[in-house]
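Since the structure comes first, as structure tokens, the remarks are kept for the end.
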Amino acid sequence: MLNFRILLAILHDLTAVAAAWLIAFWLRFNLELPEPYYEQAWASVTWVVPLYGIIFFASGLYRGIWRFASLPDLQRIILAVGGGALAVAAMLLMLQFTVPRSVLIISPVLLVMLMGGSRLAYRGWKERRLSALIPGGREPVVVLGATETAASLIKDLARNPQWQVIGVFDDDRAHHNRQIHGATVYGAIGDLPALQSRLNARHAIIAMPEANHSERRRAVDIARTAGLQVLTVPSFDDLMSGRVTISQIRNVELDDLLGRDPVKLDTAGLREWLGGRTILVSGAGGSIGSELCRQIARYRPQRIVMLESSEFSLYTIEQEFVRRFPGVAISAVIGDVKDVQRVRQLFATLQPTVIFHAAAYKHVPLMENDNAWQAVLNNVLGTRVLAEAAIAHGAEKFVLISTDKAVNPTNVMGATKRLAELLCQSLQQPGGTRFVIVRFGNVLGSTGSVIPKFREQIAAGGPVTVTHPDITRFFMSIPEAVQLVMQAGLSSQGGEIVVLDMGEPVKIADLARDMIRLSGFDENDIKIVFTGLRPGEKLYEEVLAADENSLPTPHPKLRIARARPASPDLPDQLAPWLARTTPPDDATVREELARWVPEYRPQ
């Protein structure tokens, strides 16, 4: 059913058809239309207008909204007018109307100008009215980066009651002293502090989603030097996925400063490997496990089996999947990886073919005292139970998620993860389930990491506690770590220890300073206090042990660690120790771990 606005638009276009046709006659005869042609013009227009009307309606010209008229609308007008011009010429030929050929050429050009011009004029009028309705006192903001993203952002913010773009800065000299939707590009990003007194901006928005992290960090530092609060547009991956829009600006997060270049995945290979299969993820409610589930869902598995011991964590990820991935079949399974009967039942009924083992106790100080035996049971026995069930049921591949703390471990947690690595290597048999071990360091924002702790301390007014001024750690984002885990699982043949490229280590003290600045404070407001190394804590982490050789792989962010071989008898040798019913004390656990893991050096 046609509404009033569409009827007005049709009436406008038919009037434009008649006007363009008559004006074309008038121009053809130098503004003095002879009497015979005067009658001819009016006689023919009664046929031309209805024909154009039919073509316009059939071409879907009235589905667009004039207020948002843009280049696609102009393209539709050109195509509709072009088709109408050809139809008019054919019709006049059949009706034997004598019309000057120049009129057939001039009239469609005029018609495009009238129809397109009126739509763009209406859009401009509406936007000026909207701008007039936006109250004064909008926050003055500068945009860093003269990119296509910046152009879209400036256009969106013109209709936003909160922001007023007063300038743009970009390092490309070709953009200087030019304008983007009315906003002047004043100079390079480094010129911002010198011009800030004249511009008097309060915020800076970094509109460089494709820039690397060093460029983003430089832009943040320059904006902060100029005394501005820094915001950013969403990441390039978020924009491409359609989850967010450019105008959804946000505060700069730690990931923006410590981020790394995007991971290139073998998407086709992952789809072939994971698509149509039943995938088991242990520890599915944790930070790594839940992100594994999300990313696996992209490859259309037959089913994702979420194994988790925490009821609340499992419920949370299950509800997220119901909301975000309704087309993906899931099985939310409460269970402990140490529970042999539960694990066997799970494999017998659901028959997973690929296992990602992310369940583990990972908190170093907690596992060091009073919980050492529980770390052994969960990290070693749990791995053995899950791995042997995978072998018994013919699973194709078992991916163990390990840690850089397993390299020359100095704590119980690292030693148990190294023993789990050796156990998986010892279970590798020709033609059987293929075991892949993936080592990486800390991930930003994971459960138990320093990032949530620092946020809480800053929110409470400080101080921020760091164990040592020189302590360093490797960091990557959770999505990147999971992407590389899947890539490693795809490309590995079995028995390898795959090491992720963690980049350069980061000083925890520098991390704390960055978080304080990102929260709008400085070290005069929020103090940093050094508390001393905790039990089992290293000053720095290693990715490869000293006696290991690292070999490249086809993927630039994955390398193969050639570790010492594991004894094939290790599972049998470990069995009596793991089966003991009386928990040993922490000192005994450390002694036994040192026997199984010779490189373990308790502090």
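In the structure tokens, chains take the letters A, B, ... in the order shown, each chain's residues start at 1, and ligands count up from 1 in the order shown.
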**Q.** Residues near Ser44 in chain A, cut-off 8 Å, only C-alpha atoms, skip fewer than 4 positions along chain, as a VMD selection string
**A.** chain A and resid 40 48 92 97
Do a neighbour search on Ile508 in chain A at 9 Å with only C-alpha atoms, toss out local chain neighbours closer than 5 positions, and write the hits as a short mmCIF file (atom, residue, chain, number, x, y, z; two decimals) with N, CA and C atoms, in the first residue's frame.
data_model
loop_
_atom_site.label_atom_id
_atom_site.label_comp_id
_atom_site.auth_asym_id
_atom_site.auth_seq_id
_atom_site.Cartn_x
_atom_site.Cartn_y
_atom_site.Cartn_z
N VAL A 450 46.48 -10.26 36.09
CA VAL A 450 46.68 -9.02 36.84
C VAL A 450 45.74 -7.92 36.37
N VAL A 466 52.35 -4.22 42.58
CA VAL A 466 53.17 -4.97 41.63
C VAL A 466 54.24 -5.68 42.45
N THR A 467 54.54 -6.92 42.11
CA THR A 467 55.46 -7.69 42.96
C THR A 467 56.90 -7.19 42.89
N HIS A 468 57.35 -6.76 41.68
CA HIS A 468 58.77 -6.38 41.53
C HIS A 468 58.88 -5.36 40.40
N PRO A 469 59.77 -4.36 40.53
CA PRO A 469 59.90 -3.35 39.46
C PRO A 469 60.29 -3.92 38.11
N ASP A 470 61.02 -5.06 38.11
CA ASP A 470 61.54 -5.59 36.85
C ASP A 470 60.82 -6.83 36.35
N ILE A 471 59.75 -7.22 37.01
CA ILE A 471 59.05 -8.44 36.59
C ILE A 471 58.41 -8.23 35.22
N THR A 472 58.58 -9.21 34.33
CA THR A 472 58.04 -9.11 32.97
C THR A 472 57.21 -10.34 32.66
N ARG A 473 56.26 -10.15 31.73
CA ARG A 473 55.44 -11.26 31.26
C ARG A 473 55.13 -11.06 29.78
N ARG A 513 51.17 1.33 34.90
CA ARG A 513 51.17 2.76 34.56
C ARG A 513 50.21 3.05 33.40
#
**Q.** Backbone-only DSSP, alpha helix (DSSP H) members of range 312-510 of chain A, as an NGL selection string
**A.** :A and (312-324 or 340-350 or 364-368 or 372-376 or 382-392 or 412-427 or 450-459 or 478-491 or 508-510)
Q.
I need the residue nearest Leu366 in chain A from this list: A:Val412, A:Pro352, A:Lys397, A:Tyr600. Use only C-alpha atoms for the distance.
A. A:Val412
Q) CA of Asn442 in chain A and CA of Arg303 in chain A, how far apart in Å? A)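 We find that CA of Arg303 in chain A and CA of Asn442 in chain A lie 28.9 Å from each other.
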Q. Which residues come within 9 Å of Leu570 in chain A, counting only C-alpha atoms, excluding same-chain residues fewer than 2 positions away, as number ranges by chain?
A. A: 422-423, 426-427, 566-568, 572-575, 596
Q | Given only C-alpha atoms as the counted atoms, nearest of A:Asp156, A:Glu35, A:Asp510, A:Glu388 to Ile528 in chain A | A |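 Using only C-alpha atoms, the shortest distance to Ile528 in chain A belongs to A:Asp510.
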Q: Name the residues in contact with Leu231 in chain A at a cut-off of 8 Å, using only C-alpha atoms, excluding same-chain residues fewer than 3 positions from it; report them as a list in words.
A: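 Counting only the stated atoms, we get His203, Ala204, Ile205, Ile206, Ile249, Arg250, Asn251 and Val252 of chain A.
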Q. Among range 384-589 of chain A, which residues carry a DSSP assignment of strand (DSSP E or B), reported as a PyMOL selection string?
A. chain A and resi 397-401+434-439+442-443+464-466+472-473+475-476+497-500+506-507+528-530+549-552+558-562
Q: Skip Ile458 in chain A itself and residues of its chain fewer than 4 positions away, then list as an NGL selection string all residues within 7 Å of it, counting only C-alpha atoms.
A: :A and (454 or 462 or 464 or 516 or 526)
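Minimum atom-to-atom distances from A:Phe530, A:Ile6, A:Phe398, A:Asp525 to Ser492 in chain A were compared using only C-alpha atoms, and the lowest value belongs to A:Phe398.
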Q) From the list A:Ile77, A:Val99, A:Val17, A:Leu558, which residue is nearest Ser491 in chain A when using only C-alpha atoms? A)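 The answer is A:Leu558, which sits nearest to Ser491 in chain A.
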Q: Kindly give the distance, in Å, that separates CA of Gly187 in chain A and CA of Leu199 in chain A, rounded to a single decimal.
A: 12.7 Å
Q) Can you tell me, as a list of chain:residue names, what residues are no more than 8 Å from Leu484 in chain A when counting only C-alpha atoms, ignoring any on the same chain fewer than 6 positions away? A)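 Selected residues are A:Val263, A:Leu265, A:Leu500, A:Lys557, A:Leu558.
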Q: Please provide the set of residues having any atom within 8 Å of range 101-116 of chain A, restricted to only C-alpha atoms, with same-chain residues fewer than 6 positions apart removed, written as a ChimeraX atom specification.
A: /A:13,16-17,20-21,23-25,28,74,77-78,81-82,85,89
Q.
Please compute the CA of Ala150 in chain A-CA of Ala207 in chain A distance, one decimal, in Å.
A.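 It comes out at 5.3 Å.
Shortest separation to Ile478 in chain A among A:Thr46, A:Thr147, A:Gln295, A:Thr465 occurs at residue A:Gln295, atoms counted being only C-alpha atoms.
Nearest to Pro552 in chain A of all the residues A:Thr410, A:Glu599, A:Val498, A:Leu14 is A:Val498, based on only C-alpha atoms.
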